[in-house]
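Q: Please find final.cif (mmCIF, C-alpha atoms) on the next line:
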data_coords
#
loop_
_atom_site.label_atom_id
_atom_site.label_comp_id
_atom_site.auth_asym_id
_atom_site.auth_seq_id
_atom_site.Cartn_x
_atom_site.Cartn_y
_atom_site.Cartn_z
CA MET A 105 -212.52 -16.34 -61.38
CA ASN A 106 -215.65 -14.22 -61.35
CA GLU A 107 -213.92 -11.09 -62.46
CA ALA A 108 -212.32 -12.87 -65.38
CA ILE A 109 -215.62 -14.12 -66.67
CA THR A 110 -217.79 -11.14 -66.09
CA THR A 111 -215.71 -8.30 -67.42
CA ILE A 112 -217.20 -8.59 -70.87
CA SER A 113 -217.74 -4.92 -71.21
CA VAL A 114 -220.25 -3.27 -73.48
CA ALA A 115 -218.09 -1.38 -75.90
CA ALA A 116 -219.46 1.44 -77.97
CA GLY A 117 -221.08 0.06 -81.08
CA ASP A 118 -221.88 -3.28 -79.53
CA SER A 119 -225.08 -4.62 -80.96
CA VAL A 120 -227.78 -6.66 -79.34
CA GLU A 121 -226.42 -9.67 -81.15
CA THR A 122 -222.97 -9.17 -79.63
CA LEU A 123 -224.42 -8.99 -76.16
CA PHE A 124 -226.66 -11.94 -76.87
CA ARG A 125 -223.83 -14.16 -77.96
CA ALA A 126 -221.69 -13.11 -75.01
CA HIS A 127 -224.25 -13.42 -72.23
CA TYR A 128 -227.23 -15.50 -73.29
CA ALA A 129 -226.01 -18.97 -72.37
CA ARG A 130 -224.67 -18.04 -68.94
CA LEU A 131 -227.76 -16.04 -68.11
CA VAL A 132 -230.05 -18.88 -69.12
CA ARG A 133 -228.12 -21.41 -67.07
CA ALA A 134 -228.14 -19.15 -64.02
CA LEU A 135 -231.84 -18.43 -64.22
CA ALA A 136 -232.57 -22.09 -64.89
CA VAL A 137 -231.34 -22.69 -61.34
CA VAL A 138 -233.88 -20.19 -60.10
CA ALA A 139 -236.78 -21.24 -62.32
CA GLY A 140 -236.19 -24.96 -62.08
CA SER A 141 -236.41 -25.30 -65.82
CA GLN A 142 -234.07 -24.22 -68.56
CA GLU A 143 -237.00 -23.75 -70.89
CA ALA A 144 -238.59 -21.19 -68.58
CA ALA A 145 -235.28 -19.43 -68.09
CA ALA A 146 -234.64 -19.30 -71.83
CA ASP A 147 -238.09 -17.84 -72.37
CA ALA A 148 -237.47 -15.09 -69.83
CA VAL A 149 -234.02 -14.25 -71.14
CA GLN A 150 -235.21 -14.20 -74.74
CA GLU A 151 -238.03 -11.89 -73.84
CA ALA A 152 -235.57 -9.57 -72.12
CA PHE A 153 -233.40 -9.52 -75.26
CA VAL A 154 -236.46 -8.88 -77.42
CA LYS A 155 -237.24 -5.82 -75.30
CA ALA A 156 -233.63 -4.73 -75.53
CA HIS A 157 -233.82 -5.12 -79.31
CA LEU A 158 -236.96 -3.01 -79.53
CA HIS A 159 -235.60 -0.23 -77.31
CA TRP A 160 -231.94 -0.55 -78.19
CA ARG A 161 -231.40 3.15 -78.98
CA ARG A 162 -232.23 4.02 -75.41
CA ILE A 163 -230.76 1.00 -73.71
CA GLN A 164 -227.39 1.17 -75.40
CA ARG A 165 -226.81 4.47 -73.63
CA TYR A 166 -227.21 2.86 -70.23
CA ASP A 167 -224.13 2.27 -68.13
CA ASP A 168 -224.87 -1.44 -67.98
CA PRO A 169 -227.20 -2.70 -70.72
CA VAL A 170 -226.55 -6.29 -69.73
CA GLY A 171 -227.58 -5.50 -66.17
CA TRP A 172 -230.80 -4.05 -67.54
CA ILE A 173 -231.43 -7.20 -69.57
CA ARG A 174 -230.68 -9.37 -66.57
CA ARG A 175 -233.11 -7.47 -64.38
CA VAL A 176 -235.83 -7.67 -67.01
CA ALA A 177 -235.37 -11.43 -67.23
CA ILE A 178 -235.39 -11.81 -63.45
CA ASN A 179 -238.53 -9.72 -63.21
CA LYS A 180 -240.18 -11.85 -65.86
CA LEU A 181 -239.37 -14.99 -63.91
CA ARG A 182 -240.64 -13.40 -60.72
CA ASP A 183 -243.90 -12.38 -62.41
CA ASP A 184 -244.35 -15.87 -63.80
CA HIS A 185 -243.65 -17.27 -60.36
CA ARG A 186 -246.27 -15.03 -58.81
CA ARG A 187 -248.81 -16.03 -61.38
CA GLY A 188 -248.15 -19.62 -60.48
CA GLY A 189 -247.27 -20.49 -64.02
CA ARG A 190 -245.51 -23.47 -65.41
CA LYS A 191 -242.15 -22.48 -63.95
CA GLU A 192 -243.38 -22.73 -60.41
CA ARG A 193 -245.17 -25.95 -61.15
CA ALA A 194 -241.99 -27.40 -62.59
CA VAL A 195 -240.07 -26.48 -59.45
CA GLU A 196 -242.79 -27.80 -57.20
CA ARG A 197 -242.88 -31.05 -59.12
CA LEU A 198 -239.16 -31.51 -58.75
CA LYS A 199 -239.28 -30.49 -55.13
CA ALA A 200 -241.87 -33.13 -54.37
CA ASP A 201 -239.62 -35.79 -55.81
CA ALA A 202 -236.43 -34.66 -54.11
CA ARG A 203 -234.91 -36.46 -51.13
CA PRO A 204 -231.38 -35.52 -50.11
CA ASP A 205 -230.36 -39.07 -49.40
CA GLN A 206 -231.25 -40.04 -52.96
CA ILE A 207 -229.64 -37.11 -54.71
CA GLU A 208 -227.47 -38.00 -57.67
CA TRP A 209 -225.02 -35.11 -57.69
CA SER A 210 -223.99 -35.62 -61.23
CA ASN A 211 -227.59 -35.24 -62.25
CA GLY A 212 -228.53 -31.62 -62.79
CA GLN A 213 -232.20 -32.32 -62.23
CA ASP A 214 -231.58 -33.73 -58.78
CA VAL A 215 -229.55 -30.72 -57.79
CA THR A 216 -232.26 -28.45 -59.10
CA ALA A 217 -234.77 -30.27 -56.98
CA LEU A 218 -232.60 -29.70 -53.95
CA LEU A 219 -232.17 -26.05 -54.79
CA ALA A 220 -235.91 -25.70 -54.94
CA GLU A 221 -235.93 -26.05 -51.18
CA LEU A 222 -233.88 -22.90 -50.79
CA PRO A 223 -235.67 -19.58 -50.48
CA ARG A 224 -235.94 -17.81 -53.79
CA GLN A 225 -233.59 -14.98 -52.84
CA GLN A 226 -230.90 -17.44 -51.81
CA ARG A 227 -231.36 -19.40 -55.00
CA LEU A 228 -231.08 -16.29 -57.13
CA ALA A 229 -228.03 -15.00 -55.29
CA MET A 230 -226.27 -18.35 -55.61
CA ALA A 231 -227.23 -18.77 -59.24
CA LEU A 232 -225.95 -15.34 -60.22
CA PHE A 233 -222.76 -15.78 -58.23
CA TYR A 234 -221.85 -19.39 -58.91
CA VAL A 235 -223.40 -20.05 -62.31
CA GLU A 236 -223.34 -16.73 -64.11
CA GLY A 237 -220.13 -15.81 -62.33
CA LEU A 238 -221.08 -12.28 -61.35
CA PRO A 239 -219.15 -10.44 -58.66
CA ILE A 240 -221.11 -9.67 -55.51
CA VAL A 241 -221.57 -6.04 -56.45
CA GLU A 242 -223.33 -7.03 -59.68
CA VAL A 243 -225.42 -9.64 -57.92
CA ALA A 244 -226.49 -6.92 -55.53
CA ALA A 245 -227.39 -4.62 -58.42
CA ALA A 246 -229.36 -7.35 -60.17
CA MET A 247 -231.28 -8.21 -57.03
CA LYS A 248 -231.61 -4.59 -55.88
CA LEU A 249 -230.07 -5.53 -52.54
CA SER A 250 -227.08 -4.34 -50.60
CA GLU A 251 -223.84 -6.26 -50.90
CA GLY A 252 -224.20 -7.28 -47.26
CA ALA A 253 -227.61 -8.80 -47.96
CA VAL A 254 -226.20 -10.72 -50.91
CA LYS A 255 -223.39 -12.08 -48.77
CA PHE A 256 -225.94 -13.13 -46.17
CA HIS A 257 -227.94 -15.02 -48.81
CA LEU A 258 -224.79 -16.66 -50.15
CA HIS A 259 -223.76 -17.74 -46.66
CA GLN A 260 -227.14 -19.17 -45.88
CA GLY A 261 -227.57 -20.90 -49.19
CA ARG A 262 -224.11 -22.38 -49.21
CA ASP A 263 -224.41 -23.64 -45.67
CA ARG A 264 -227.70 -25.33 -46.39
CA LEU A 265 -226.41 -26.95 -49.54
CA ARG A 266 -223.22 -28.06 -47.83
CA GLY A 267 -225.25 -29.65 -45.07
CA VAL A 268 -227.26 -31.63 -47.55
CA VAL A 269 -224.17 -32.64 -49.48
CA ALA A 270 -222.50 -33.83 -46.29
CA ILE A 271 -225.53 -35.93 -45.41
CA SER A 272 -225.59 -37.51 -48.82
CA GLN A 273 -221.88 -38.28 -48.76
CA GLU A 274 -222.10 -39.86 -45.33
CA GLN A 275 -224.68 -42.20 -46.71
CA LEU A 276 -222.51 -43.26 -49.58
CA PRO A 277 -221.06 -46.79 -49.12
CA MET B 227 -210.40 -14.01 -54.50
CA SER B 228 -213.75 -13.91 -52.78
CA GLU B 229 -214.53 -15.66 -49.53
CA PHE B 230 -217.42 -17.28 -51.36
CA ASP B 231 -215.39 -18.85 -54.15
CA ASP B 232 -216.13 -22.53 -54.01
CA ASP B 233 -215.42 -24.86 -56.90
CA ARG B 234 -217.69 -27.50 -55.53
CA MET B 235 -220.64 -25.14 -55.36
CA GLU B 236 -219.93 -24.00 -58.87
CA ARG B 237 -220.00 -27.56 -60.12
CA LEU B 238 -223.17 -28.35 -58.20
CA LEU B 239 -225.04 -25.31 -59.35
CA GLY B 240 -223.58 -25.56 -62.81
CA ALA B 241 -225.10 -29.01 -63.07
CA ALA B 242 -228.44 -27.57 -62.03
CA GLY B 243 -228.13 -24.92 -64.70
CA GLY B 244 -228.06 -27.61 -67.34
CA ALA B 245 -226.21 -27.78 -70.63
CA PHE B 246 -225.21 -24.68 -72.56
CA PRO B 247 -228.10 -23.73 -74.83
CA ASP B 248 -227.68 -23.28 -78.56
CA VAL B 249 -227.09 -19.57 -78.97
CA ASN B 250 -227.67 -19.48 -82.74
CA THR B 251 -231.06 -21.10 -82.49
CA ALA B 252 -232.01 -18.87 -79.59
CA TYR B 253 -230.94 -15.74 -81.43
CA ALA B 254 -232.98 -16.76 -84.46
CA GLN B 255 -235.97 -17.12 -82.15
CA VAL B 256 -235.36 -13.67 -80.69
CA GLN B 257 -235.13 -12.17 -84.17
CA GLY B 258 -238.38 -13.87 -85.11
CA ARG B 259 -240.14 -12.46 -82.06
CA VAL B 260 -238.78 -8.98 -82.75
CA ARG B 261 -239.92 -9.18 -86.37
CA HIS B 262 -243.36 -10.35 -85.31
CA ILE B 263 -243.73 -7.51 -82.80
CA LYS B 264 -242.60 -4.90 -85.31
CA GLN B 265 -245.08 -6.18 -87.90
CA ARG B 266 -247.85 -6.08 -85.33
CA ARG B 267 -246.87 -2.56 -84.27
CA SER B 268 -246.85 -1.26 -87.81
CA MET B 269 -250.24 -2.83 -88.43
CA ILE B 270 -251.64 -1.24 -85.26
CA ALA B 271 -250.12 2.11 -86.21
CA GLY B 272 -251.71 1.95 -89.65
CA THR B 273 -255.07 1.04 -88.20
CA ALA B 274 -254.81 3.81 -85.62
CA ALA B 275 -253.90 6.36 -88.30
CA CYS B 276 -256.94 5.35 -90.34
CA ALA B 277 -259.14 5.56 -87.27
CA VAL B 278 -257.80 9.02 -86.43
CA LEU B 279 -258.50 10.21 -89.96
CA VAL B 280 -262.03 8.85 -89.90
CA VAL B 281 -262.78 10.23 -86.44
CA GLY B 282 -261.17 13.56 -87.30
CA GLY B 283 -263.19 13.84 -90.48
CA ALA B 284 -266.38 12.95 -88.70
CA PHE B 285 -265.63 15.44 -85.96
CA ALA B 286 -264.92 18.19 -88.48
CA LEU B 287 -268.16 17.50 -90.28
CA GLY B 288 -270.00 17.37 -86.98
CA SER B 289 -268.61 20.66 -85.73
CA THR B 290 -269.42 22.35 -89.05
CA GLY B 291 -272.94 21.07 -88.87
CA GLN B 292 -273.26 22.17 -85.26
CA ARG B 293 -272.29 25.73 -86.07
CA SER B 294 -274.90 25.95 -88.78
CA ASN B 295 -277.66 24.49 -86.64
CA LEU B 296 -278.35 27.37 -84.37
CA GLN B 297 -281.94 27.60 -85.56
CA PRO B 298 -284.51 24.89 -86.01
CA GLY B 299 -285.49 24.08 -89.51
CA ASP B 300 -282.09 24.87 -90.93
CA HIS B 301 -280.67 23.16 -93.96
CA GLY B 302 -277.24 21.81 -94.46
CA SER B 303 -274.77 24.59 -95.04
CA LEU B 304 -273.32 23.17 -98.21
CA SER B 305 -276.53 22.77 -100.12
CA VAL B 306 -277.90 26.10 -98.97
CA ASP B 307 -274.71 27.89 -99.78
CA ALA B 308 -274.78 26.45 -103.26
CA SER B 309 -278.30 27.68 -103.87
CA VAL B 310 -277.45 31.11 -102.57
CA ASP B 311 -274.30 31.42 -104.57
CA THR B 312 -276.25 31.06 -107.76
CA GLN B 313 -278.04 34.31 -107.07
CA SER B 314 -275.32 36.30 -105.40
CA THR B 315 -274.35 39.59 -106.90
CA PRO B 316 -271.84 42.27 -106.06
CA ALA B 317 -273.00 44.32 -103.10
CA THR B 318 -273.83 47.96 -103.38
CA ASP B 319 -273.65 49.24 -99.83
CA ASP B 320 -273.97 48.03 -96.29
CA THR B 321 -277.00 50.06 -95.35
CA SER B 322 -279.09 48.54 -98.08
CA ALA B 323 -281.75 46.02 -97.38
CA ILE B 324 -281.42 42.32 -98.00
CA ARG B 325 -278.74 41.96 -100.56
CA PRO B 326 -277.19 38.80 -101.91
CA SER B 327 -273.55 39.53 -101.55
CA THR B 328 -270.09 38.19 -102.02
CA THR B 329 -268.35 41.28 -100.69
CA THR B 330 -266.17 41.36 -97.65
CA ALA B 331 -266.67 43.58 -94.65
CA GLY B 332 -265.28 47.03 -95.12
CA SER B 333 -265.02 46.72 -98.83
CA GLY B 334 -268.79 46.72 -99.10
CA ALA B 335 -269.20 50.10 -97.48
CA GLY B 336 -269.61 52.81 -100.02
CA SER B 337 -268.92 50.60 -102.99
CA ASN B 338 -271.65 50.72 -105.55
CA GLY B 339 -271.74 47.69 -107.71
CA GLN B 340 -273.90 47.17 -110.76
CA GLY B 341 -276.62 44.60 -110.37
CA THR B 342 -277.61 42.26 -113.11
CA SER B 343 -280.91 42.57 -114.85
CA SER B 344 -282.36 39.73 -112.86
CA GLN B 345 -281.14 40.99 -109.50
CA PRO B 346 -281.98 44.03 -107.40
CA THR B 347 -279.75 46.98 -108.04
CA GLY B 348 -280.81 49.37 -105.30
CA PRO B 349 -282.35 49.50 -101.86
CA SER B 350 -285.93 49.90 -103.02
CA SER B 351 -285.86 47.23 -105.67
CA SER B 352 -283.97 44.94 -103.35
CA THR B 353 -286.57 45.24 -100.66
CA ALA B 354 -289.34 44.61 -103.10
CA ALA B 355 -287.62 41.60 -104.54
CA THR B 356 -287.02 39.96 -101.21
CA THR B 357 -290.08 40.82 -99.19
CA THR B 358 -292.57 39.58 -101.73
CA PRO B 359 -291.09 36.36 -102.97
CA SER B 360 -293.15 33.65 -104.56
CA ASN B 361 -290.54 31.11 -103.55
CA PRO B 362 -289.08 31.74 -100.09
CA ALA B 363 -286.39 29.13 -100.49
CA THR B 364 -284.73 31.19 -103.18
CA ALA B 365 -285.90 34.74 -102.73
CA ASP B 366 -285.63 35.13 -98.96
CA VAL B 367 -282.31 33.43 -98.43
CA GLN B 368 -279.41 35.85 -98.35
CA THR B 369 -275.72 35.44 -97.77
CA TYR B 370 -273.57 38.01 -96.03
CA THR B 371 -269.86 37.89 -96.06
CA CYS B 372 -267.07 39.66 -94.26
CA ALA B 373 -263.39 38.90 -93.79
CA GLY B 374 -264.21 36.77 -90.76
CA GLY B 375 -266.78 34.52 -92.34
CA THR B 376 -270.10 34.08 -94.07
CA ILE B 377 -273.62 33.67 -92.81
CA THR B 378 -276.74 32.77 -94.72
CA VAL B 379 -280.03 34.11 -93.43
CA ARG B 380 -283.58 33.40 -94.42
CA LEU B 381 -286.64 35.58 -93.85
CA ALA B 382 -289.51 33.29 -92.96
CA ALA B 383 -292.90 34.23 -91.49
CA GLY B 384 -291.65 37.71 -90.70
CA ALA B 385 -288.69 36.45 -88.68
CA LEU B 386 -285.01 35.98 -89.34
CA GLU B 387 -283.68 32.46 -89.42
CA LEU B 388 -280.08 31.46 -89.63
CA VAL B 389 -279.48 28.98 -92.41
CA SER B 390 -275.74 28.50 -92.07
CA SER B 391 -272.55 30.09 -90.91
CA GLN B 392 -269.01 29.47 -91.93
CA PRO B 393 -265.86 31.08 -90.52
CA ALA B 394 -263.22 32.17 -93.02
CA ALA B 395 -259.82 30.53 -93.05
CA GLY B 396 -257.92 31.45 -89.93
CA PHE B 397 -261.01 32.64 -88.07
CA ALA B 398 -263.02 30.94 -85.35
CA LEU B 399 -266.43 31.71 -84.00
CA ASP B 400 -266.30 34.04 -81.02
CA THR B 401 -269.93 34.89 -80.24
CA SER B 402 -273.20 34.46 -82.05
CA THR B 403 -276.75 35.68 -81.58
CA ALA B 404 -279.71 34.39 -83.52
CA THR B 405 -283.12 35.79 -82.68
CA ALA B 406 -286.17 36.54 -84.78
CA THR B 407 -285.09 40.15 -85.18
CA ARG B 408 -281.32 39.99 -85.01
CA ILE B 409 -278.61 37.69 -86.17
CA GLU B 410 -275.11 38.61 -85.23
CA PHE B 411 -271.89 36.68 -85.66
CA ARG B 412 -268.42 37.61 -84.44
CA TRP B 413 -265.32 35.73 -85.58
CA ARG B 414 -261.88 36.14 -84.25
CA SER B 415 -258.46 35.27 -85.64
CA SER B 416 -255.11 35.60 -83.94
CA SER B 417 -254.86 39.20 -85.09
CA ASP B 418 -258.30 40.31 -86.22
CA ASP B 419 -261.90 40.55 -85.09
CA GLN B 420 -264.75 40.61 -87.62
CA SER B 421 -268.51 40.62 -87.25
CA ILE B 422 -271.74 40.67 -89.22
CA ARG B 423 -275.01 41.90 -87.76
CA ILE B 424 -278.36 41.67 -89.49
CA ASP B 425 -281.36 43.38 -87.93
CA LEU B 426 -284.96 42.96 -88.98
CA ILE B 427 -286.28 46.52 -89.30
CA GLY B 428 -289.80 47.03 -90.58
CA GLY B 429 -289.86 43.48 -91.87
CA VAL B 430 -286.69 44.05 -93.84
CA PRO B 431 -283.30 42.55 -92.94
CA VAL B 432 -280.74 45.32 -92.70
CA ARG B 433 -277.07 44.77 -92.37
CA LYS B 434 -275.39 46.97 -89.79
CA VAL B 435 -271.79 47.91 -90.16
#
Mind converting the file's structure to structure tokens?

A:
Amino acid sequence: MNEAITTISVAAGDSVETLFRAHYARLVRALAVVAGSQEAAADAVQEAFVKAHLHWRRIQRYDDPVGWIRRVAINKLRDDHRRGGRKERAVERLKADARPDQIEWSNGQDVTALLAELPRQQRLAMALFYVEGLPIVEVAAAMKLSEGAVKFHLHQGRDRLRGVVAISQEQLP
Amino acid sequence: MSEFDDDRMERLLGAAGGAFPDVNTAYAQVQGRVRHIKQRRSMIAGTAACAVLVVGGAFALGSTGQRSNLQPGDHGSLSVDASVDTQSTPATDDTSAIRPSTTTAGSGAGSNGQGTSSQPTGPSSSTAATTTPSNPATADVQTYTCAGGTITVRLAAGALELVSSQPAAGFALDTSTATATRIEFRWRSSSDDQSIRIDLIGGVPVRKV
């Protein structure tokens, strides 16, 4: 599944627009899981594409321009998080409202609130793997971690989410 | 197939990721931001270029003025040079006394030019004309030129004073001396070395070759 989605290669002559149309939506949705807000994620991803646009002559020669853009967007989110900007406040607000026994699983906001309880690294690993559909090796490159560390984060994150899901389902009538 | 593939997790996290954003609108926003940044950059570059020109011009003027201000009471080089040029005549020889001159070093030695009726034509008349001036600003100011540059010297109160100095194109000041009895300038280019030395001997400025 992952391989099928993510092998959109950067062919010679690809423009920023081509990459944008191929990757923007998935990248925004993945980072929205991390940031807790699609608006914040879109802002970070757009800024990364703006930088790519401005330095395209250099970046197009990279082995993985999309990986570069992804890392820039992740760094932007991380910087915003450190500054305690609106992204963090959005996550904190959702987190305060979240209770596993009241989660509505069809509601994206509720799930986001639940995800906010996961450590950031776990959230990012799961978002890149399950939402953007990256293979583990690319998740590792994006997070600057080893593949083993990514697998550890995926294990931990999935187990915690599964536990919460099981609790919520047991409480269903 | 990865051990982590899990459709349920994908659905859960996909729901958290929200709806697919409008790519066209987003790309238009990116283009707008890029355009805005480029406009701002070009404006900054233009401003910086203007600033560099202004600062460079000011620096050039400042350095020119600094070179000509080796003695107190000096005048600006441009105005003084203009006044001197009006009375300059072809030089006769380098051992003569104060001599308004437009000759270059080397060419002045041994060349006997004809002075005008209003200017000194020989060593004796030159000395007389410059040591007993009624107007020091015009009579005692002399310009000496060589391939490396030009200096303007004034005789005031029995002492030499440097009025201005100007290196020729391609030359830069190497060393300079400006005392009451001697003014010496040495200019250097990438391939040449030129100097002018004026000594005050018996109250008369004498150019030494």

Q: Point out the residue among B:Gln265, B:Thr407, B:Ser402, B:Thr369 with the least atom-to-atom distance to Glu387 of chain B, counting only C-alpha atoms.

A: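 The shortest atom-to-atom distance to Glu387 of chain B comes from B:Thr407.
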
Q: Could you tell me which of B:Thr376, B:Ser228, B:Gln368, B:Ser390 comes closest to Pro431 of chain B if we count all atoms listed in the file?

A: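 Comparing B:Thr376, B:Ser228, B:Gln368, B:Ser390 against Pro431 of chain B, the winner is B:Gln368.
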
Q: So, with all atoms listed in the file as the atoms that count, which of A:Ala146, A:Ala152, A:Ala177, A:Ala139 lies closest to Leu219 of chain A?

A: A:Ala139

Q: Once the PyMOL selection byres ((chain B) within 7 of (chain A)) is applied to the coordinates I shared, what remains selected? I want it as a list in words.

A: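 Expected selection for the PyMOL selection byres ((chain B) within 7 of (chain A)) here is Met235, Glu236, Leu238, Leu239, Gly240, Ala241, Ala242, Gly243, Gly244, Phe246, Pro247, Val249, Val256, Arg259 and Val260 of chain B.
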
Q: Take the PyMOL selection byres ((chain A and resi 256) around 12), apply it to the structure above, and return the hits as JSON, numbers by chain.

A: {"A": [225, 226, 229, 230, 240, 244, 249, 250, 251, 252, 253, 254, 255, 257, 258, 259, 260, 261, 262, 263], "B": [230]}

Q: From the set A:Ile163, A:Val243, A:Val176, A:Leu181, which residue has the shortest atom-to-atom contact distance to Ser119 of chain A, counting all atoms listed in the file?

A: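 Comparing A:Ile163, A:Val243, A:Val176, A:Leu181 against Ser119 of chain A, the winner is A:Ile163.
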
Q: What does the structure give for the distance between atom CA of Glu410 of chain B and atom CA of Ile422 of chain B, in Å to one decimal?

A: 5.6 Å

Q: Hey, can you check how far atom CA of Ser289 of chain B sits from atom CA of Leu386 of chain B?

A: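 Straight-line distance from atom CA of Ser289 of chain B to atom CA of Leu386 of chain B works out to 22.7 Å.
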
Q: Just how far from atom CA of Ile270 of chain B is atom CA of Gln257 of chain B, in Å to one decimal?

A: 19.8 Å
